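Dropping target-v5.tsv in here (TSV, C-alpha atoms):
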```tsv
chain	number	residue	atom	x	y	z
A	107	MET	CA	27.08	-4.95	-7.40
A	108	GLN	CA	25.73	-8.45	-7.03
A	109	ASP	CA	24.14	-7.63	-3.66
A	110	GLN	CA	22.27	-4.72	-5.23
A	111	ALA	CA	21.10	-6.91	-8.13
A	112	TRP	CA	19.59	-9.42	-5.73
A	113	ASP	CA	17.94	-6.93	-3.37
A	114	VAL	CA	14.44	-8.40	-3.47
A	115	ALA	CA	12.89	-5.57	-1.43
A	116	ALA	CA	14.35	-2.92	-3.76
A	117	SER	CA	13.09	-4.82	-6.81
A	118	GLU	CA	9.60	-5.03	-5.33
A	119	GLU	CA	9.65	-1.31	-4.51
A	120	MET	CA	10.53	-0.42	-8.10
A	121	SER	CA	8.08	-2.75	-9.86
A	122	GLY	CA	5.34	-3.57	-7.35
A	123	THR	CA	5.93	-7.26	-8.10
A	124	ARG	CA	7.27	-10.09	-5.94
A	125	LEU	CA	8.41	-13.20	-7.83
A	126	SER	CA	8.66	-16.74	-6.53
A	127	PHE	CA	11.94	-17.05	-8.47
A	128	HIS	CA	14.27	-14.35	-9.79
A	129	CYS	CA	16.02	-16.67	-12.27
A	130	TRP	CA	14.09	-18.11	-15.20
A	131	PRO	CA	14.86	-21.81	-15.90
A	132	SER	CA	16.87	-22.18	-19.13
A	133	SER	CA	15.76	-25.75	-19.88
A	134	ARG	CA	12.90	-28.16	-19.26
A	135	LEU	CA	15.09	-30.07	-16.81
A	136	GLU	CA	15.72	-26.95	-14.73
A	137	ALA	CA	12.00	-26.19	-14.80
A	138	THR	CA	11.18	-29.62	-13.33
A	139	ARG	CA	13.59	-28.93	-10.46
A	140	CYS	CA	11.76	-25.81	-9.30
A	141	VAL	CA	10.40	-26.50	-5.83
A	142	ALA	CA	7.59	-23.93	-6.07
A	143	PRO	CA	5.64	-22.90	-9.19
A	144	ILE	CA	6.86	-19.85	-11.08
A	145	GLY	CA	4.53	-16.99	-10.27
A	146	ALA	CA	4.25	-13.36	-9.28
A	147	LEU	CA	2.38	-11.34	-6.67
A	148	TYR	CA	1.41	-7.92	-8.01
A	149	THR	CA	0.45	-4.98	-5.79
A	150	PRO	CA	-2.38	-3.03	-7.44
A	151	LEU	CA	-2.47	0.76	-7.11
A	152	LYS	CA	1.08	0.80	-5.74
A	153	LYS	CA	2.77	4.19	-5.99
A	154	LEU	CA	5.96	3.54	-7.95
A	155	PRO	CA	8.99	5.86	-8.11
A	156	GLN	CA	8.78	8.34	-10.98
A	157	ASN	CA	11.78	6.86	-12.76
A	158	CYS	CA	10.43	3.29	-12.64
A	159	ALA	CA	7.23	3.63	-14.68
A	160	PRO	CA	5.67	5.96	-17.28
A	161	PRO	CA	4.08	9.04	-15.67
A	162	THR	CA	0.67	8.17	-17.15
A	163	ALA	CA	-1.05	5.06	-18.45
A	164	LEU	CA	-0.30	4.13	-22.07
A	165	GLN	CA	-3.37	4.92	-24.18
A	166	TYR	CA	-2.99	2.05	-26.67
A	167	ASP	CA	-2.96	-1.73	-26.90
A	168	PRO	CA	0.31	-3.49	-25.99
A	169	VAL	CA	2.47	-5.07	-28.68
A	170	ARG	CA	2.31	-8.84	-28.24
A	171	CYS	CA	4.31	-11.84	-29.39
A	172	SER	CA	2.85	-13.37	-32.55
A	173	THR	CA	3.10	-16.97	-31.29
A	174	ALA	CA	-0.38	-18.35	-30.63
A	175	THR	CA	0.69	-20.07	-27.39
A	176	CYS	CA	2.69	-17.10	-26.03
A	177	HIS	CA	1.32	-13.57	-26.62
A	178	ALA	CA	3.91	-12.07	-24.26
A	179	VAL	CA	3.98	-8.26	-24.15
A	180	LEU	CA	6.86	-6.16	-25.47
A	181	ASN	CA	9.14	-5.25	-22.55
A	182	PRO	CA	12.67	-3.98	-21.76
A	183	TYR	CA	14.03	-7.55	-21.61
A	184	CYS	CA	13.35	-8.20	-25.30
A	185	GLN	CA	16.24	-8.25	-27.76
A	186	VAL	CA	15.71	-5.59	-30.44
A	187	ASP	CA	17.16	-5.42	-33.95
A	188	TYR	CA	16.87	-1.73	-34.82
A	189	ARG	CA	18.01	-2.19	-38.41
A	190	SER	CA	15.52	-4.92	-39.28
A	191	LYS	CA	12.85	-3.52	-36.91
A	192	LEU	CA	12.43	-6.87	-35.17
A	193	TRP	CA	12.17	-7.89	-31.54
A	194	VAL	CA	12.79	-11.30	-29.96
A	195	CYS	CA	10.39	-12.60	-27.33
A	196	PRO	CA	12.37	-13.56	-24.18
A	197	PHE	CA	9.91	-16.36	-23.39
A	198	CYS	CA	9.58	-18.31	-26.65
A	199	LEU	CA	12.44	-16.68	-28.67
A	200	THR	CA	10.12	-15.85	-31.58
A	201	ARG	CA	11.25	-13.00	-33.84
A	202	ASN	CA	8.44	-10.47	-34.24
A	203	HIS	CA	8.03	-7.46	-36.53
A	204	PHE	CA	7.23	-4.11	-34.95
A	205	PRO	CA	3.97	-2.44	-36.06
A	206	PRO	CA	4.54	0.18	-38.79
A	207	HIS	CA	3.96	3.15	-36.47
A	208	TYR	CA	6.66	1.76	-34.14
A	209	ALA	CA	9.15	0.94	-36.89
A	210	GLU	CA	8.93	4.37	-38.54
A	211	ASN	CA	9.86	6.40	-35.46
A	212	MET	CA	11.90	4.04	-33.29
A	213	SER	CA	15.68	4.11	-32.87
A	214	GLU	CA	18.23	3.39	-30.15
A	215	THR	CA	17.85	6.96	-28.92
A	216	ASN	CA	14.06	7.17	-29.42
A	217	LEU	CA	12.47	4.24	-27.62
A	218	PRO	CA	8.79	3.56	-26.91
A	219	ALA	CA	7.91	3.47	-23.23
A	220	GLU	CA	7.76	-0.34	-23.19
A	221	LEU	CA	11.46	-0.62	-24.10
A	222	ILE	CA	12.91	1.99	-21.75
A	223	PRO	CA	15.15	-0.11	-19.43
A	224	GLN	CA	13.98	1.38	-16.12
A	225	TYR	CA	10.28	1.05	-17.03
A	226	GLY	CA	9.80	-2.53	-15.85
A	227	THR	CA	6.11	-1.81	-15.13
A	228	CYS	CA	3.71	-0.16	-17.58
A	229	GLU	CA	0.01	0.45	-17.13
A	230	TYR	CA	-2.24	0.32	-20.19
A	231	GLU	CA	-5.66	1.82	-20.74
A	232	LEU	CA	-6.98	-0.33	-23.57
A	233	PRO	CA	-9.19	1.60	-26.01
A	234	SER	CA	-10.49	-1.69	-27.42
A	235	VAL	CA	-11.87	-2.87	-24.07
A	236	PRO	CA	-15.01	-1.13	-22.78
A	237	ALA	CA	-15.22	-0.04	-19.16
A	238	HIS	CA	-16.52	-2.77	-16.84
A	239	GLY	CA	-17.45	-0.62	-13.88
A	240	PRO	CA	-15.50	0.15	-10.71
A	241	PRO	CA	-12.42	-1.86	-9.66
A	242	ALA	CA	-12.97	-5.01	-7.58
A	243	PHE	CA	-10.74	-6.27	-4.75
A	244	LEU	CA	-11.02	-9.74	-3.22
A	245	PHE	CA	-9.32	-10.33	0.15
A	246	VAL	CA	-8.42	-13.99	0.82
A	247	VAL	CA	-7.48	-14.58	4.48
A	248	ASP	CA	-5.92	-17.66	6.11
A	249	THR	CA	-7.49	-17.97	9.57
A	250	CYS	CA	-5.11	-20.73	10.77
A	251	ALA	CA	-3.06	-18.37	12.93
A	252	HIS	CA	-2.71	-17.22	16.51
A	253	ALA	CA	-5.19	-14.69	17.87
A	254	GLU	CA	-2.47	-12.00	18.09
A	255	GLU	CA	-1.57	-12.48	14.42
A	256	LEU	CA	-5.23	-12.35	13.38
A	257	ALA	CA	-5.67	-9.10	15.32
A	258	GLU	CA	-2.70	-7.56	13.51
A	259	LEU	CA	-4.05	-8.85	10.22
A	260	ALA	CA	-7.45	-7.29	10.91
A	261	ASP	CA	-5.75	-3.95	11.54
A	262	SER	CA	-3.79	-4.25	8.27
A	263	LEU	CA	-6.98	-5.09	6.36
A	264	GLN	CA	-8.69	-2.03	7.83
A	265	GLN	CA	-5.83	0.16	6.70
A	266	ALA	CA	-5.97	-1.38	3.22
A	267	LEU	CA	-9.72	-0.76	2.99
A	268	ASN	CA	-9.21	2.91	3.85
A	269	LEU	CA	-6.82	3.24	0.89
A	270	LEU	CA	-9.19	1.79	-1.72
A	271	PRO	CA	-11.17	4.00	-4.12
A	272	GLU	CA	-14.58	4.97	-2.78
A	273	ASP	CA	-16.42	3.21	-5.62
A	274	ALA	CA	-14.43	-0.05	-5.31
A	275	LEU	CA	-16.20	-3.39	-4.94
A	276	VAL	CA	-14.83	-5.51	-2.07
A	277	GLY	CA	-15.12	-9.24	-1.38
A	278	LEU	CA	-13.88	-11.40	1.52
A	279	ILE	CA	-12.97	-15.10	1.61
A	280	THR	CA	-11.59	-16.77	4.73
A	281	TYR	CA	-10.26	-20.31	4.86
A	282	GLY	CA	-9.16	-22.71	7.56
A	283	THR	CA	-10.83	-26.08	8.07
A	284	ASN	CA	-13.54	-24.83	5.71
A	285	VAL	CA	-13.74	-22.08	3.12
A	286	GLN	CA	-16.13	-19.23	3.88
A	287	VAL	CA	-17.33	-16.70	1.31
A	288	HIS	CA	-18.78	-13.68	3.10
A	289	GLU	CA	-21.46	-11.30	1.90
A	290	ILE	CA	-20.47	-7.90	3.31
A	291	GLY	CA	-22.86	-5.60	1.48
A	292	PHE	CA	-25.11	-5.16	4.49
A	293	GLU	CA	-24.78	-5.21	8.29
A	294	GLY	CA	-28.17	-6.40	9.52
A	295	ILE	CA	-28.07	-10.15	8.82
A	296	PRO	CA	-24.57	-11.27	7.78
A	297	LYS	CA	-24.54	-14.15	5.29
A	298	THR	CA	-21.74	-16.63	4.66
A	299	TYR	CA	-21.40	-19.47	2.16
A	300	VAL	CA	-19.43	-22.37	3.67
A	301	LEU	CA	-17.55	-24.89	1.51
A	302	ARG	CA	-16.21	-28.01	3.21
A	303	GLY	CA	-12.45	-28.23	3.26
A	304	ASN	CA	-12.39	-32.03	2.80
A	305	LYS	CA	-14.51	-31.97	-0.35
A	306	GLU	CA	-13.50	-31.07	-3.90
A	307	TYR	CA	-15.86	-28.78	-5.81
A	308	ALA	CA	-15.94	-28.30	-9.56
A	309	PRO	CA	-15.82	-24.63	-10.68
A	310	GLY	CA	-19.34	-24.86	-12.07
A	311	LYS	CA	-20.65	-26.22	-8.77
A	312	VAL	CA	-19.01	-23.38	-6.83
A	313	GLY	CA	-20.62	-20.84	-9.13
A	314	GLU	CA	-23.98	-22.52	-8.67
A	315	LEU	CA	-23.66	-22.54	-4.87
A	316	LEU	CA	-22.69	-18.87	-4.81
A	317	GLY	CA	-25.38	-17.88	-7.31
A	318	CYS	CA	-22.81	-16.59	-9.80
A	319	THR	CA	-23.83	-18.65	-12.84
A	320	ALA	CA	-25.78	-17.21	-15.74
A	321	HIS	CA	-28.46	-19.90	-15.30
A	322	ARG	CA	-29.02	-18.90	-11.67
A	323	TYR	CA	-29.10	-15.22	-12.63
A	324	ARG	CA	-31.71	-15.82	-15.34
A	325	ALA	CA	-33.76	-17.92	-12.93
A	326	GLN	CA	-33.70	-15.13	-10.34
A	327	GLN	CA	-34.70	-12.55	-12.94
A	328	GLY	CA	-37.58	-14.77	-14.11
A	329	GLY	CA	-38.73	-15.31	-10.53
A	330	ALA	CA	-38.60	-11.58	-9.89
A	331	GLN	CA	-40.83	-10.89	-12.87
A	332	ARG	CA	-43.35	-13.52	-11.74
A	333	ASN	CA	-43.34	-12.01	-8.23
A	334	GLY	CA	-44.08	-8.54	-9.50
A	335	GLY	CA	-40.48	-7.34	-9.55
A	336	ARG	CA	-39.43	-8.83	-6.17
A	337	GLN	CA	-36.36	-11.04	-6.02
A	338	PRO	CA	-37.01	-14.64	-4.92
A	339	PRO	CA	-35.51	-15.60	-1.54
```
Would you mind writing the file's structure down as structure tokens?
Amino acid sequence: MQDQAWDVAASEEMSGTRLSFHCWPSSRLEATRCVAPIGALYTPLKKLPQNCAPPTALQYDPVRCSTATCHAVLNPYCQVDYRSKLWVCPFCLTRNHFPPHYAENMSETNLPAELIPQYGTCEYELPSVPAHGPPAFLFVVDTCAHAEELAELADSLQQALNLLPEDALVGLITYGTNVQVHEIGFEGIPKTYVLRGNKEYAPGKVGELLGCTAHRYRAQQGGAQRNGGRQPP
């Protein structure tokens, strides 16, 4: 039973998530002893088994913890008091009231999708958030590897690209001695932004160098208007 509980590959197959740790520290002292930061790698668009996630995306906003510094989402690991219609956040231990439309219809035999034990992963389509265009995927590649490994990696990236939606936006960053941000929207004259690996850049400076800041965008738009609609070089 214990071997099955700690089958990392099976857990990843059911949730699409790989965690750096599978035990949450129970005290500040334990947290300081963690060798690596607590984090998760999530696989987007992963096809999950039918019994591990709702069949369709949930068409409503998630229920969140009321603590201002937490805002964790209701999930199967929360403790639920069905009589008082309360749930306890597993992260900050705050007791939260269920929304009225949850409390009226919920019972131990009639659970919302977020509390069904085997549904460790739920996808939401938020009605309060407008659509922001097609999905975007950014590939970050470590080039400090042998040529054979890089060739295999290139083949894996090609397979991944073939699985993406046709309207997806794709970006590529490679890093080794330096960091290179590649423009891959055209084939004629490839363009790459190079950031030195021995220099620290502030986020605002990186945005300025890449032309991603609002100030740079407004300057380009103003230059285009002065040039009769043509973008400045």
Stretch 161-270 of chain A residues near stretch 124-146 of chain A within 12 Å, closest pair each, using only C-alpha atoms, as CSV:
```
residue,atom,partner,partner_atom,distance
A:Pro196,CA,A:Trp130,CA,10.2
A:Phe197,CA,A:Trp130,CA,9.4
A:Cys198,CA,A:Ser132,CA,11.2
A:Leu199,CA,A:Ser132,CA,11.9
```
Got a sec: who's within 8 Å of A:Glu289, counting only C-alpha atoms, leaving out chain neighbours fewer than 6 positions off, as number ranges by chain? A: 277-278, 296-298
Show me the residues around (10.3, -5.6, -19.5) - criterion: an atom at most 7 Å away, all atoms listed in the file counted - as a PDB file with C-alpha atoms, in the coordinates of the input.
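Full text of out37.pdb as output:
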```pdb
ATOM      1  CA  LEU A 180       6.860  -6.160 -25.470  1.00  0.00           C
ATOM      2  CA  ASN A 181       9.140  -5.250 -22.550  1.00  0.00           C
ATOM      3  CA  PRO A 182      12.670  -3.980 -21.760  1.00  0.00           C
ATOM      4  CA  TYR A 183      14.030  -7.550 -21.610  1.00  0.00           C
ATOM      5  CA  GLU A 220       7.760  -0.340 -23.190  1.00  0.00           C
ATOM      6  CA  LEU A 221      11.460  -0.620 -24.100  1.00  0.00           C
ATOM      7  CA  GLY A 226       9.800  -2.530 -15.850  1.00  0.00           C
TER       8      GLY A 226
END
```
For A:Ala260: contacts at 12 Å, only C-alpha atoms, fewer than 4 positions along chain excluded, given as a PyMOL selection string: chain A and resi 245+247-249+253-256+264-267
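When atom CA of A:Thr215 is paired with atom CA of A:Gln185, their separation reads 15.3 Å.
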Selected residue of minimal separation from A:Tyr225 among A:Cys158, A:Lys305, A:Cys318, A:Ser117, counting all atoms listed in the file: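 Distance minimum relative to A:Tyr225 lands on A:Cys158.
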Given the choices A:Leu217, A:Thr200, A:Ser234, A:Ala116, which gets closest to A:Tyr166 if the distance is worked out from only C-alpha atoms? A:Ser234
Hey, can you pull every residue with an atom no more than 12 Å from (-10.2, -12.9, -1.7), using all atoms listed in the file, and send it as a PyMOL selection string? chain A and resi 242-248+263+275-281+285-289
Measuring between all atoms listed in the file, which one of A:Glu314, A:Glu293, A:Glu119, A:Glu229 shows the shortest distance to A:Leu154? A:Glu119
Extract, using all atoms listed in the file, all DNA, RNA and protein residues at most 7 Å from A:Gly122, discarding same-chain residues fewer than 4 positions from it, and format them as a count of residues only. 4
Show me, as a ChimeraX atom specification, the residues that have an atom within 9 Å of A:Val179 when counting all atoms listed in the file, minus same-chain residues fewer than 3 positions from it. /A:168-171,195,220
If I take atom CA of A:Tyr188 and atom CA of A:Ser172, how far is one from the other in Å, to one decimal? 18.4 Å
Between A:Gly317, A:Pro240, A:Pro233, A:Pro206, which one has atoms that come closest to A:Tyr299, using only C-alpha atoms? A:Gly317
